[in-house]
file input-v8.txt (compact mmCIF, C-alpha atoms)
# COMPACT_ATOMS: atom_id res chain seq x y z
CA MET F 22 -1.58 10.26 13.94
CA SER F 23 0.78 13.17 14.31
CA ASN F 24 -1.42 14.94 16.80
CA LEU F 25 0.18 16.30 19.97
CA ALA F 26 -2.54 14.86 22.21
CA PHE F 27 -1.88 11.31 21.03
CA ASN F 28 1.91 11.54 21.22
CA PHE F 29 1.91 12.99 24.71
CA PRO F 30 2.52 10.74 27.76
CA ARG F 31 -1.04 10.70 29.13
CA ASP F 32 -0.19 8.27 31.92
CA THR F 33 1.78 10.95 33.79
CA PHE F 34 -1.14 13.43 33.84
CA LEU F 35 -4.14 12.37 35.88
CA GLY F 36 -7.52 14.09 35.60
CA PHE F 37 -6.71 15.92 32.37
CA ASP F 38 -8.90 13.87 30.03
CA GLN F 39 -10.93 16.88 28.88
CA LEU F 40 -7.73 18.78 28.03
CA PHE F 41 -6.41 15.88 25.95
CA GLU F 42 -9.75 15.58 24.15
CA THR F 43 -9.55 19.28 23.28
CA LEU F 44 -5.97 18.87 22.06
CA SER F 45 -6.97 15.93 19.90
CA THR F 46 -9.14 18.25 17.78
CA VAL F 47 -6.33 20.72 17.04
CA PRO F 48 -4.28 19.99 13.92
CA PHE F 49 -0.58 19.60 14.66
CA ASN F 50 0.88 19.25 11.22
CA GLY F 51 2.42 22.67 10.73
CA THR F 52 -0.65 24.11 9.03
CA THR F 53 -3.01 26.77 10.23
CA GLU F 54 -6.21 25.01 9.18
CA THR F 55 -8.24 26.03 12.21
CA ARG F 56 -6.33 29.17 13.12
CA SER F 57 -7.63 32.58 12.23
CA SER F 58 -5.79 35.06 10.09
CA GLY F 59 -3.37 37.51 11.64
CA TYR F 60 -5.95 40.28 11.52
CA PRO F 61 -6.24 42.16 13.71
CA PRO F 62 -2.87 41.82 15.44
CA TYR F 63 -2.88 41.39 19.20
CA ASN F 64 -0.67 41.12 22.29
CA VAL F 65 -1.24 39.15 25.47
CA ILE F 66 0.60 40.69 28.42
CA LYS F 67 1.11 38.70 31.61
CA LYS F 68 1.41 40.72 34.79
CA GLU F 69 3.12 39.34 37.91
CA ASP F 70 0.02 39.73 40.10
CA GLY F 71 -2.12 37.17 38.24
CA HIS F 72 -3.58 39.65 35.77
CA PHE F 73 -3.45 39.56 31.98
CA LEU F 74 -4.04 42.23 29.38
CA ILE F 75 -5.13 41.48 25.84
CA GLU F 76 -4.40 44.32 23.42
CA ILE F 77 -5.98 44.21 19.97
CA ALA F 78 -5.24 46.80 17.28
CA VAL F 79 -8.64 48.17 16.22
CA ALA F 80 -7.76 51.43 14.47
CA GLY F 81 -10.87 52.95 12.95
CA PHE F 82 -13.29 50.91 15.09
CA GLY F 83 -15.41 52.66 17.69
CA LYS F 84 -16.89 51.29 20.90
CA ASP F 85 -20.19 50.59 19.14
CA ASP F 86 -18.39 48.57 16.44
CA VAL F 87 -16.81 45.99 18.80
CA ASP F 88 -18.60 43.28 20.80
CA LEU F 89 -17.13 41.04 23.50
CA THR F 90 -18.81 37.82 24.61
CA LEU F 91 -17.69 35.28 27.20
CA GLU F 92 -19.42 31.93 26.90
CA LYS F 93 -18.30 28.52 28.17
CA GLY F 94 -14.71 29.64 28.68
CA VAL F 95 -14.34 31.24 25.25
CA LEU F 96 -13.87 35.00 24.98
CA THR F 97 -15.03 36.11 21.54
CA ILE F 98 -14.26 39.56 20.18
CA THR F 99 -16.02 40.66 17.00
CA GLY F 100 -15.66 43.89 15.11
CA ASN F 101 -17.97 45.16 12.39
CA ARG F 102 -17.88 48.64 10.95
CA PRO F 103 -20.84 49.94 9.03
CA THR F 104 -20.03 50.46 5.38
CA ASN F 105 -19.00 54.01 4.74
CA SER F 106 -21.38 55.71 2.34
CA VAL F 107 -18.86 58.51 1.71
CA ASP F 108 -17.19 57.88 -1.63
CA ARG F 109 -13.48 58.63 -1.25
CA GLU F 110 -10.62 58.27 -3.63
CA TYR F 111 -7.57 56.87 -1.85
CA ALA F 112 -4.01 57.27 -3.09
CA HIS F 113 -3.14 54.51 -0.59
CA ARG F 114 -5.45 52.62 1.72
CA GLY F 115 -3.49 50.77 4.41
CA ILE F 116 -5.92 50.83 7.35
CA SER F 117 -8.24 47.88 7.09
CA THR F 118 -11.87 48.27 8.01
CA ARG F 119 -12.97 44.70 7.38
CA GLY F 120 -14.81 42.84 10.09
CA PHE F 121 -13.02 40.41 12.34
CA GLU F 122 -13.50 37.76 14.98
CA ARG F 123 -10.91 36.66 17.54
CA LYS F 124 -11.42 33.90 20.09
CA PHE F 125 -9.45 33.21 23.25
CA THR F 126 -10.01 30.12 25.40
CA ILE F 127 -9.60 31.11 29.02
CA ALA F 128 -9.37 28.99 32.16
CA ASP F 129 -12.25 28.61 34.59
CA THR F 130 -10.32 30.68 37.12
CA VAL F 131 -9.89 33.65 34.76
CA SER F 132 -12.50 36.41 34.63
CA VAL F 133 -12.84 39.51 32.48
CA ILE F 134 -12.67 42.56 34.74
CA GLY F 135 -12.91 45.31 32.13
CA ALA F 136 -12.43 46.43 28.55
CA ASP F 137 -12.07 49.69 26.65
CA ILE F 138 -10.67 51.17 23.45
CA VAL F 139 -7.69 53.43 24.15
CA ASP F 140 -5.69 55.09 21.36
CA GLY F 141 -6.86 52.62 18.71
CA MET F 142 -6.21 49.59 20.93
CA LEU F 143 -8.91 47.42 22.45
CA VAL F 144 -7.62 46.61 25.93
CA ILE F 145 -9.21 43.70 27.83
CA ALA F 146 -8.21 43.16 31.46
CA LEU F 147 -8.34 39.63 32.85
CA GLU F 148 -7.80 38.39 36.39
CA ASN F 149 -6.74 34.89 37.40
CA ASN F 150 -8.31 33.94 40.74
CA ILE F 151 -6.81 30.61 41.74
CA PRO F 152 -8.74 29.07 44.63
CA GLU F 153 -6.68 28.39 47.76
CA GLU F 154 -7.14 24.62 47.39
CA ASP F 155 -5.62 24.76 43.88
CA LYS F 156 -2.48 26.65 44.91
CA PRO F 157 0.74 24.64 45.37
CA GLN F 158 1.13 22.91 48.74
CA ILE F 159 4.30 21.90 50.53
CA ILE F 160 4.07 18.32 51.72
CA LYS F 161 6.36 17.42 54.60
CA LEU F 162 7.83 13.97 54.89
CA GLY F 163 7.05 11.85 57.94
CA LYS F 164 3.47 13.08 58.33
CA LEU F 165 1.30 10.10 57.38
CA ASN F 166 -2.16 10.11 58.91
CA LYS F 167 -3.75 6.86 60.13
CA ALA F 168 -5.66 6.28 56.87
CA ALA F 169 -2.46 6.57 54.83
CA GLN F 170 -0.63 4.24 57.26
CA LEU F 171 -3.37 1.62 56.73
CA LEU F 172 -2.72 1.76 52.98
CA LEU F 173 0.88 0.79 53.58
CA GLY F 174 -0.30 -2.41 55.23
call {"tool": "encode", "arguments": {"input": "input-v8.txt", "output": "structure tokens"}}
result
Amino acid sequence: MSNLAFNFPRDTFLGFDQLFETLSTVPFNGTTETRSSGYPPYNVIKKEDGHFLIEIAVAGFGKDDVDLTLEKGVLTITGNRPTNSVDREYAHRGISTRGFERKFTIADTVSVIGADIVDGMLVIALENNIPEEDKPQIIKLGKLNKAAQLLLG
């Protein structure tokens, strides 16, 4: 098995069983078997304040042609343009109008706070709200409580 999840040192990561199960379903052999095509192209921008922006190039798509759905931690963006009944003769046709679907798996702490199409780009704003108990803690040495001292014997 050349899968990343099986070659990774699981014993050093406690409580991540679900993550490793997810990784075990992703091919890791240099192919793109389960990956979507490169259409439409996108950017993911990380801001310093815990926000993210997803930009997707959707030239030719209007607001009624694009749907966003968030379900079980998966943000799905689909685009479908109605077929154009106008018969045109193109000397060159470089702007694609085919339908698309893009999926992003987002953490439980990430929420979608807005989306819009601006200048041919679908912009999706995300916010990462890490609960206080999940933020890093500084642990000082020499501060064992009585329960921890009993464990030492």
call {"tool": "closest_residue", "arguments": {"input": "input-v8.txt", "among": "F:Tyr60, F:Phe82, F:Phe121, F:Tyr111", "to": "Thr99 (chain F)", "atoms": "all atoms listed in the file"}}
result
F:Phe121
call {"tool": "residues_around", "arguments": {"input": "input-v8.txt", "residues": "Glu76 (chain F)", "least_positions_apart": "6", "cutoff": "12 Å", "atoms": "all atoms listed in the file", "output": "PyMOL selection string"}}
result
chain F and resi 61-67+98+123+136-147
call {"tool": "axis_aligned_box", "arguments": {"input": "input-v8.txt", "around": "region 58-64 of chain F", "padding_each_side": "3 Å", "output": "AutoDock Vina command-line options"}}
result
--center_x -3.5 --center_y 38.6 --center_z 16.2 --size_x 11.6 --size_y 13.1 --size_z 18.2
call {"tool": "atom_distance", "arguments": {"input": "input-v8.txt", "atom1": "CA of Gly174 (chain F)", "atom2": "CA of Glu154 (chain F)"}}
result
29.0 Å
call {"tool": "closest_residue", "arguments": {"input": "input-v8.txt", "among": "F:Ala128, F:Leu40, F:Ile151, F:Ile159", "to": "Asp70 (chain F)", "atoms": "only C-alpha atoms"}}
result
F:Ile151
call {"tool": "atom_distance", "arguments": {"input": "input-v8.txt", "atom1": "CA of Asp88 (chain F)", "atom2": "CA of Gly100 (chain F)"}}
result
6.4 Å
call {"tool": "atom_distance", "arguments": {"input": "input-v8.txt", "atom1": "CA of Ile77 (chain F)", "atom2": "CA of Glu122 (chain F)"}}
result
11.1 Å
call {"tool": "residues_around", "arguments": {"input": "input-v8.txt", "residues": "Leu91 (chain F)", "least_positions_apart": "5", "cutoff": "10 Å", "atoms": "only C-alpha atoms", "output": "list in words"}}
result
Leu96, Thr97, Ile98, Lys124, Phe125, Thr126, Ile127, Ser132 and Val133 of chain F
call {"tool": "write_last_selection", "arguments": {"input": "input-v8.txt", "atoms": "C-alpha atoms", "output": "compact mmCIF listing (two decimals), in the coordinates of the input"}}
result
# COMPACT_ATOMS: atom_id res chain seq x y z
CA LEU F 96 -13.87 35.00 24.98
CA THR F 97 -15.03 36.11 21.54
CA ILE F 98 -14.26 39.56 20.18
CA LYS F 124 -11.42 33.90 20.09
CA PHE F 125 -9.45 33.21 23.25
CA THR F 126 -10.01 30.12 25.40
CA ILE F 127 -9.60 31.11 29.02
CA SER F 132 -12.50 36.41 34.63
CA VAL F 133 -12.84 39.51 32.48
call {"tool": "residues_around", "arguments": {"input": "input-v8.txt", "residues": "Thr130 (chain F)", "least_positions_apart": "4", "cutoff": "9 Å", "atoms": "all atoms listed in the file", "output": "count of residues only"}}
result
5
